[in-house]
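Engineer: My structure is in query34.csv, and what it holds is CSV, C-alpha atoms (C1' of nucleotides):
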```
chain,number,residue,atom,x,y,z
J,1,MET,CA,48.6,133.9,-29.0
J,2,GLN,CA,46.5,134.7,-25.9
J,3,LYS,CA,42.8,135.1,-25.3
J,4,ILE,CA,40.7,137.4,-23.4
J,5,ASN,CA,37.0,137.1,-22.6
J,6,LEU,CA,35.2,140.2,-23.7
J,7,PRO,CA,32.4,142.0,-21.9
J,8,GLN,CA,29.0,141.4,-23.5
J,9,GLY,CA,28.5,143.5,-26.7
J,10,PHE,CA,32.0,144.8,-27.0
J,11,SER,CA,33.1,145.6,-30.5
J,12,LEU,CA,36.8,145.8,-31.4
J,13,GLU,CA,36.0,147.2,-34.8
J,14,ARG,CA,33.9,150.0,-33.5
J,15,THR,CA,36.3,150.8,-30.7
J,16,LEU,CA,39.3,151.1,-33.0
J,17,THR,CA,37.6,152.9,-35.9
J,18,CYS,CA,35.2,155.3,-34.1
J,19,GLY,CA,37.7,158.2,-34.3
J,20,GLN,CA,39.3,158.1,-30.9
J,21,THR,CA,42.6,156.7,-32.3
J,22,PHE,CA,44.1,156.9,-35.8
J,23,ARG,CA,47.0,154.5,-36.4
J,24,VAL,CA,45.1,151.2,-36.9
J,25,LEU,CA,46.1,148.9,-39.7
J,26,LYS,CA,43.4,146.4,-40.8
J,27,LYS,CA,44.6,143.2,-42.3
J,28,GLY,CA,41.6,141.0,-43.1
J,29,ASP,CA,39.9,140.4,-39.8
J,30,VAL,CA,43.0,141.3,-37.8
J,31,PHE,CA,43.8,144.8,-36.5
J,32,LEU,CA,47.4,145.9,-35.9
J,33,TYR,CA,47.8,148.5,-33.2
J,34,GLN,CA,50.6,149.8,-31.1
J,35,ASN,CA,50.8,149.4,-27.3
J,36,GLY,CA,53.9,150.8,-25.8
J,37,GLY,CA,57.0,149.4,-27.6
J,38,SER,CA,55.1,146.6,-29.2
J,39,VAL,CA,52.6,145.9,-31.9
J,40,LEU,CA,49.5,143.9,-31.2
J,41,ALA,CA,47.6,141.8,-33.7
J,42,LEU,CA,44.1,141.8,-32.4
J,43,LYS,CA,41.2,139.7,-33.5
J,44,GLN,CA,37.7,139.4,-32.2
J,45,GLU,CA,35.6,136.3,-32.4
J,46,GLY,CA,32.3,136.7,-30.6
J,47,ASN,CA,33.0,137.3,-27.0
J,48,SER,CA,36.7,136.3,-27.3
J,49,LEU,CA,39.6,138.5,-28.2
J,50,SER,CA,42.8,136.9,-29.3
J,51,PHE,CA,46.0,138.9,-29.3
J,52,GLU,CA,49.6,138.3,-30.4
J,53,SER,CA,52.4,140.7,-29.5
J,54,PHE,CA,55.3,141.6,-31.8
J,55,GLY,CA,58.3,143.3,-30.2
J,56,LYS,CA,58.1,143.3,-26.5
J,57,GLU,CA,55.8,140.9,-24.7
J,58,THR,CA,52.4,142.3,-23.8
J,59,SER,CA,50.4,141.3,-20.7
J,60,GLU,CA,46.7,140.6,-20.8
J,61,ASP,CA,46.2,143.4,-18.2
J,62,SER,CA,47.9,145.8,-20.5
J,63,VAL,CA,45.6,144.9,-23.5
J,64,LYS,CA,42.6,145.2,-21.2
J,65,SER,CA,43.6,148.6,-20.0
J,66,LEU,CA,44.4,149.8,-23.5
J,67,LEU,CA,41.0,148.8,-24.8
J,68,GLY,CA,39.1,150.1,-21.8
J,69,LEU,CA,37.8,146.6,-21.0
J,70,ASN,CA,37.9,147.3,-17.3
J,71,ASP,CA,35.1,149.9,-17.6
J,72,ASP,CA,31.7,148.8,-16.4
J,73,PHE,CA,29.7,149.0,-19.6
J,74,ALA,CA,26.4,147.9,-17.9
J,75,LEU,CA,26.7,150.7,-15.4
J,76,ILE,CA,27.8,153.3,-17.9
J,77,ASN,CA,25.0,152.5,-20.3
J,78,SER,CA,22.3,152.3,-17.6
J,79,GLU,CA,23.4,155.7,-16.3
J,80,LEU,CA,23.5,157.2,-19.8
J,81,SER,CA,20.2,155.7,-20.9
J,82,ALA,CA,18.6,157.5,-17.9
J,83,VAL,CA,19.2,160.8,-19.8
J,84,LYS,CA,16.0,161.6,-21.6
J,85,GLY,CA,16.1,160.9,-25.3
J,86,PHE,CA,19.4,159.1,-25.3
J,87,SER,CA,18.6,155.4,-25.2
J,88,GLY,CA,17.9,155.3,-28.9
J,89,VAL,CA,21.5,156.5,-29.5
J,90,ILE,CA,23.0,153.9,-27.2
J,91,ASP,CA,21.1,151.2,-29.0
J,92,LYS,CA,22.8,152.1,-32.3
J,93,THR,CA,26.3,152.5,-30.9
J,94,LEU,CA,26.8,149.6,-28.6
J,95,GLY,CA,30.2,148.0,-28.3
J,96,ILE,CA,32.3,151.2,-28.3
J,97,SER,CA,34.7,151.6,-25.4
J,98,ILE,CA,37.0,154.5,-24.4
J,99,MET,CA,40.6,153.4,-24.9
J,100,ARG,CA,43.5,154.4,-22.6
J,101,GLN,CA,46.1,155.7,-25.0
J,102,ASN,CA,49.5,157.3,-24.6
J,103,PRO,CA,49.4,161.0,-23.7
J,104,PHE,CA,52.3,161.9,-26.0
J,105,GLU,CA,50.9,160.4,-29.1
J,106,THR,CA,47.4,161.5,-28.3
J,107,THR,CA,48.5,165.1,-27.9
J,108,ILE,CA,50.3,165.2,-31.2
J,109,SER,CA,47.4,163.3,-32.9
J,110,PHE,CA,44.8,165.8,-31.8
J,111,MET,CA,47.1,168.8,-32.5
J,112,PHE,CA,47.2,167.4,-36.0
J,113,SER,CA,43.5,167.0,-36.1
J,114,VAL,CA,42.8,170.7,-35.8
J,115,GLN,CA,40.7,171.7,-38.8
J,116,SER,CA,41.3,168.3,-40.4
J,117,ALA,CA,39.3,165.3,-41.5
J,118,ILE,CA,40.2,161.8,-40.2
J,119,PRO,CA,41.9,160.5,-43.4
J,120,LEU,CA,44.2,163.5,-43.5
J,121,ILE,CA,45.0,163.1,-39.8
J,122,ARG,CA,45.9,159.4,-40.3
J,123,LYS,CA,48.0,160.3,-43.3
J,124,ARG,CA,50.1,162.8,-41.3
J,125,LEU,CA,50.5,160.5,-38.4
J,126,ASN,CA,51.5,157.6,-40.6
J,127,SER,CA,54.0,159.7,-42.5
J,128,LEU,CA,55.5,160.8,-39.2
J,129,SER,CA,55.8,157.3,-38.0
J,130,GLU,CA,57.4,156.1,-41.3
J,131,ILE,CA,59.9,159.0,-41.2
J,132,ALA,CA,61.0,158.7,-37.6
J,133,GLY,CA,59.5,155.6,-36.0
J,134,VAL,CA,60.9,152.1,-35.5
J,135,PRO,CA,59.5,149.5,-37.9
J,136,ILE,CA,58.3,146.2,-36.4
J,137,GLU,CA,57.9,143.2,-38.5
J,138,THR,CA,54.7,141.2,-37.8
J,139,THR,CA,53.4,138.1,-39.6
J,140,TYR,CA,50.7,140.4,-41.0
J,141,GLY,CA,53.1,143.0,-42.3
J,142,LYS,CA,55.3,145.9,-41.2
J,143,PHE,CA,54.0,148.4,-38.6
J,144,TYR,CA,55.9,151.6,-37.6
J,145,LEU,CA,55.9,152.5,-34.0
J,146,PHE,CA,55.0,156.1,-33.1
J,147,PRO,CA,58.3,158.0,-32.8
J,148,SER,CA,59.8,158.9,-29.4
J,149,SER,CA,60.2,162.6,-28.5
J,150,SER,CA,63.9,162.3,-28.9
J,151,SER,CA,63.7,161.0,-32.5
J,152,LEU,CA,61.1,163.7,-33.3
J,153,ARG,CA,63.5,166.4,-32.1
J,154,GLN,CA,66.1,165.1,-34.6
J,155,LEU,CA,63.8,165.6,-37.6
J,156,SER,CA,65.1,168.0,-40.2
J,157,ASP,CA,63.2,171.0,-41.4
J,158,SER,CA,62.5,169.4,-44.8
J,159,GLU,CA,61.2,166.3,-43.1
J,160,ILE,CA,58.8,168.3,-41.0
J,161,LYS,CA,57.8,170.3,-44.1
J,162,SER,CA,57.0,167.1,-45.9
J,163,LEU,CA,54.2,166.5,-43.4
J,164,ARG,CA,52.4,169.5,-44.8
J,165,LEU,CA,51.1,170.5,-41.4
J,166,GLY,CA,50.3,174.1,-42.4
J,167,PHE,CA,49.6,176.4,-39.5
J,168,ARG,CA,49.9,173.4,-37.1
J,169,GLU,CA,53.6,173.1,-37.8
J,170,LYS,CA,54.7,175.7,-35.3
J,171,TRP,CA,52.7,174.1,-32.6
J,172,PHE,CA,54.2,170.7,-33.4
J,173,LYS,CA,57.8,172.0,-33.3
J,174,GLU,CA,57.2,173.9,-30.0
J,175,PHE,CA,55.6,170.8,-28.5
J,176,ILE,CA,58.3,168.4,-29.3
J,177,MET,CA,61.1,170.8,-28.4
J,178,SER,CA,59.6,171.5,-25.0
J,179,TYR,CA,58.2,168.0,-24.3
J,180,ASN,CA,58.9,166.7,-20.9
J,181,GLU,CA,57.5,163.3,-20.0
J,182,GLU,CA,57.5,163.9,-16.2
J,183,LYS,CA,55.5,167.1,-16.7
J,184,ILE,CA,52.9,165.3,-18.8
J,185,MET,CA,52.6,162.5,-16.3
J,186,LYS,CA,52.2,165.0,-13.5
J,187,ILE,CA,49.4,166.7,-15.4
J,188,ALA,CA,47.8,163.3,-15.9
J,189,ASP,CA,47.6,162.9,-12.1
J,190,MET,CA,45.9,166.3,-11.5
J,191,PRO,CA,42.2,166.8,-10.8
J,192,PHE,CA,40.1,167.6,-13.8
J,193,GLU,CA,40.1,171.4,-13.7
J,194,GLU,CA,43.8,171.7,-13.2
J,195,LYS,CA,44.5,169.1,-15.9
J,196,GLU,CA,42.4,171.1,-18.3
J,197,LYS,CA,44.1,174.4,-17.3
J,198,GLU,CA,47.5,172.9,-17.8
J,199,LEU,CA,46.7,171.3,-21.2
J,200,LEU,CA,45.3,174.6,-22.5
J,201,LYS,CA,48.7,176.2,-21.9
J,202,ILE,CA,50.1,174.0,-24.7
J,203,LYS,CA,50.1,175.9,-28.1
J,204,GLY,CA,47.7,174.2,-30.5
J,205,VAL,CA,45.6,172.8,-27.6
J,206,GLY,CA,42.3,174.5,-27.2
J,207,ILE,CA,39.3,173.2,-25.3
J,208,LYS,CA,38.3,170.5,-27.8
J,209,VAL,CA,41.7,169.0,-28.1
J,210,ALA,CA,42.3,169.3,-24.3
J,211,HIS,CA,39.2,167.2,-23.7
J,212,CYS,CA,40.3,164.6,-26.3
J,213,ILE,CA,43.6,164.3,-24.5
J,214,MET,CA,42.0,164.0,-21.1
J,215,LEU,CA,39.4,161.5,-22.3
J,216,PHE,CA,41.5,159.2,-24.5
J,217,SER,CA,44.8,159.3,-22.5
J,218,MET,CA,44.3,160.7,-19.0
J,219,ASN,CA,41.4,158.6,-17.7
J,220,GLU,CA,38.9,161.4,-17.5
J,221,LEU,CA,35.6,159.8,-18.5
J,222,SER,CA,33.7,163.0,-17.8
J,223,ALA,CA,35.7,164.9,-20.5
J,224,PHE,CA,33.4,166.0,-23.4
J,225,PRO,CA,35.2,167.0,-26.6
J,226,VAL,CA,33.0,169.1,-28.8
J,227,ASP,CA,33.6,169.3,-32.5
J,228,VAL,CA,31.2,170.0,-35.3
J,229,TRP,CA,29.6,166.5,-35.1
J,230,ILE,CA,28.9,166.9,-31.4
J,231,LYS,CA,27.5,170.3,-32.0
J,232,ARG,CA,25.1,168.9,-34.6
J,233,GLY,CA,24.2,166.0,-32.3
J,234,MET,CA,23.6,168.1,-29.2
J,235,GLU,CA,21.4,170.4,-31.2
J,236,SER,CA,19.3,167.8,-33.0
J,237,LEU,CA,19.0,165.5,-29.9
J,238,PHE,CA,18.7,168.0,-27.1
J,239,GLY,CA,18.3,171.5,-28.7
J,240,ILE,CA,21.6,172.5,-27.1
J,241,THR,CA,23.5,175.1,-29.2
J,242,GLY,CA,26.2,177.8,-28.7
J,243,THR,CA,29.9,178.1,-28.5
J,244,THR,CA,32.2,175.1,-28.0
J,245,GLN,CA,32.7,176.2,-24.4
J,246,LYS,CA,29.0,176.3,-23.7
J,247,VAL,CA,28.2,172.9,-25.4
J,248,THR,CA,31.1,171.3,-23.5
J,249,ARG,CA,29.8,172.6,-20.2
J,250,GLU,CA,26.2,171.6,-20.9
J,251,GLY,CA,27.2,168.2,-22.2
J,252,ARG,CA,29.2,167.4,-19.0
J,253,LYS,CA,26.3,168.6,-16.9
J,254,LEU,CA,23.7,166.6,-18.8
J,255,PHE,CA,25.7,163.3,-18.9
J,256,GLY,CA,27.7,163.5,-15.7
J,257,ARG,CA,30.7,161.3,-14.8
J,258,PHE,CA,30.5,159.2,-18.1
J,259,ALA,CA,30.0,162.2,-20.4
J,260,GLY,CA,33.0,161.0,-22.5
J,261,TYR,CA,31.2,157.8,-23.3
J,262,ALA,CA,28.1,159.8,-24.3
J,263,GLN,CA,30.3,161.9,-26.5
J,264,GLU,CA,31.7,158.9,-28.4
J,265,TYR,CA,28.2,157.5,-28.9
J,266,ILE,CA,27.0,160.8,-30.3
J,267,TYR,CA,30.0,161.1,-32.6
J,268,TYR,CA,29.6,157.6,-33.9
J,269,TYR,CA,25.8,158.0,-34.2
J,270,MET,CA,25.9,161.3,-36.1
J,271,ARG,CA,28.6,160.2,-38.5
J,272,LYS,CA,26.7,156.9,-39.1
J,273,ILE,CA,23.5,158.8,-39.9
J,274,ALA,CA,25.5,161.2,-42.2
J,275,LYS,CA,26.9,158.2,-44.1
J,276,GLU,CA,23.5,156.5,-44.4
J,277,GLY,CA,22.1,159.7,-45.8
J,278,GLU,CA,24.5,159.7,-48.7
F,279,DT,C1',37.5,175.3,-59.8
F,280,DG,C1',35.9,177.5,-56.4
F,281,DA,C1',33.3,175.9,-52.5
F,282,DC,C1',33.7,173.4,-48.5
F,283,DA,C1',35.4,170.8,-44.3
F,284,DG,C1',37.6,171.3,-39.9
F,285,DG,C1',39.5,174.2,-34.1
F,286,DA,C1',42.9,177.4,-32.2
F,287,DA,C1',44.8,181.8,-31.6
F,288,DA,C1',45.1,186.5,-32.7
F,289,DA,C1',42.6,190.6,-33.4
F,290,DT,C1',38.9,193.5,-32.5
F,291,DA,C1',35.4,195.8,-30.0
Z,292,DT,C1',35.4,189.3,-21.6
Z,293,DA,C1',32.8,187.9,-25.8
Z,294,DT,C1',32.6,187.8,-30.7
Z,295,DT,C1',35.0,188.0,-35.3
Z,296,DT,C1',38.8,187.0,-38.4
Z,297,DT,C1',42.8,184.5,-39.9
Z,298,DC,C1',45.3,180.4,-40.6
Z,299,DC,C1',46.5,175.6,-44.4
Z,300,DT,C1',45.7,171.6,-46.9
Z,301,DG,C1',43.0,168.2,-49.3
Z,302,DT,C1',38.9,166.8,-51.7
Z,303,DC,C1',35.2,167.0,-55.0
```
Show me this structure written as structure tokens.
Structural biologist:
Amino acid sequence: MQKINLPQGFSLERTLTCGQTFRVLKKGDVFLYQNGGSVLALKQEGNSLSFESFGKETSEDSVKSLLGLNDDFALINSELSAVKGFSGVIDKTLGISIMRQNPFETTISFMFSVQSAIPLIRKRLNSLSEIAGVPIETTYGKFYLFPSSSSLRQLSDSEIKSLRLGFREKWFKEFIMSYNEEKIMKIADMPFEEKEKELLKIKGVGIKVAHCIMLFSMNELSAFPVDVWIKRGMESLFGITGTTQKVTREGRKLFGRFAGYAQEYIYYYMRKIAKEGE
DNA sequence: TGACAGGAAAATA
DNA sequence: TATTTTCCTGTC
């Protein structure tokens, strides 16, 4: 068990459940989450984060990077609150950070997210992991690692069918069959525009999913994924409407280099309001 | 039970 | 090039 001092206001719960990632297992006040080939048991107590690693050992630096703890939240929030009409949103969404996830799992996750609500996405990803992933025993229960590309290639047709991916199935098959880790890593190192262009070449990856991949797994904090919630938010907060392309462009222009953080805040804020309205 | 939720790609103009 | 239509599954 190791401990990390957290930045002021950080919320593990909000960060893991705000929608940027899916395969989180909550066991009481402990969250199980994969990092590389190991499973982390994470627990926050005030400004302290304790973590225990199952499988391979995990360094403190690796946990910090995963959870986006190296981001300068004071700077980010001060820049974003300079945007007229936005500080009220920040006040209600404090503690969320942008995680730095694995591009392979992130691409599949958001490919699965197309025209789907979060519980369904989670179900698909968990089934996939149970079918083809390695189980890791922890003191909090079993956790399946996300499958490697090679084990996904070995799935039978009936196993893939059992995921009930619908029209996403052909994208998934094509992606795993043509997946090349070197190529993805090369894309991750490209400048923003080229990255976006390359990601859009993947079948099943449109502008929203491309921006999710860039923001959550390729260190592009200015990416601005636009889904229905962001459209609602941008309209009600700033009067910005239009196509996904247009809202993406205007959101990036409005918020600048930390637009991705603004996006997470808006997403969390809009969903929270929607829940409270029920 | 039919309406509704949710993005990408193909079709159309 | 910009707008419209089609694609699937799950939930209520």
Engineer: Could you give me, as JSON lines, a per-residue list for chain Z showing, wherever an atom lies at most 8 Å from an atom of chain J, the closest pair of atoms and their distance in Å to one decimal, using all atoms listed in the file and sorting by chain then residue number from low to high?
Structural biologist:
```
{"residue": "Z:DC298", "atom": "C1'", "partner": "J:Phe167", "partner_atom": "CA", "distance": 6.0}
{"residue": "Z:DC299", "atom": "C1'", "partner": "J:Gly166", "partner_atom": "CA", "distance": 4.5}
{"residue": "Z:DT300", "atom": "C1'", "partner": "J:Gly166", "partner_atom": "CA", "distance": 6.9}
{"residue": "Z:DG301", "atom": "C1'", "partner": "J:Leu120", "partner_atom": "CA", "distance": 7.6}
```
Engineer: Just need the residues of chain J within 9 Å of chain F, counting all atoms listed in the file, so spit them out as a list in words.
Structural biologist: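 Contact residues on the first chain: Ser113, Val114, Gln115, Ser116, Ala117, Lys203, Gly204, Val205, Gly206, Ile207, Lys208, Val209, Asp227 and Val228 of chain J.
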Engineer: Out of J:Ile96, J:Gln245, J:Leu155, J:Lys275, which residue has the shortest atom-to-atom distance to DA293 (chain Z) when counting all atoms listed in the file?
Structural biologist: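 Between J:Ile96, J:Gln245, J:Leu155, J:Lys275, the residue approaching DA293 (chain Z) most closely is J:Gln245.
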Engineer: May I have the residues within 12 Å of Lys26 (chain J) as a PyMOL selection string, using only C-alpha atoms (C1' of nucleotides) and disregarding those fewer than 2 positions away in the same chain?
Structural biologist: chain J and resi 12-13+16-17+22-24+28-33+40-43+140-143
Engineer: Quick one: distance from CA of Ile176 (chain J) to CA of Gln20 (chain J) in Å, one decimal?
Structural biologist: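 Between CA of Ile176 (chain J) and CA of Gln20 (chain J) the gap works out to 21.7 Å.
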Engineer: What does the structure give for the distance between CA of Ile213 (chain J) and CA of Thr106 (chain J), in Å to one decimal?
Structural biologist: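 Value for the CA of Ile213 (chain J)-CA of Thr106 (chain J) distance: 6.1 Å.
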Engineer: Please, what distance in Å, to one decimal, runs between CA of Lys197 (chain J) and CA of Cys212 (chain J)?
Structural biologist: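 Interatomic distance, CA of Lys197 (chain J) to CA of Cys212 (chain J): 13.8 Å.
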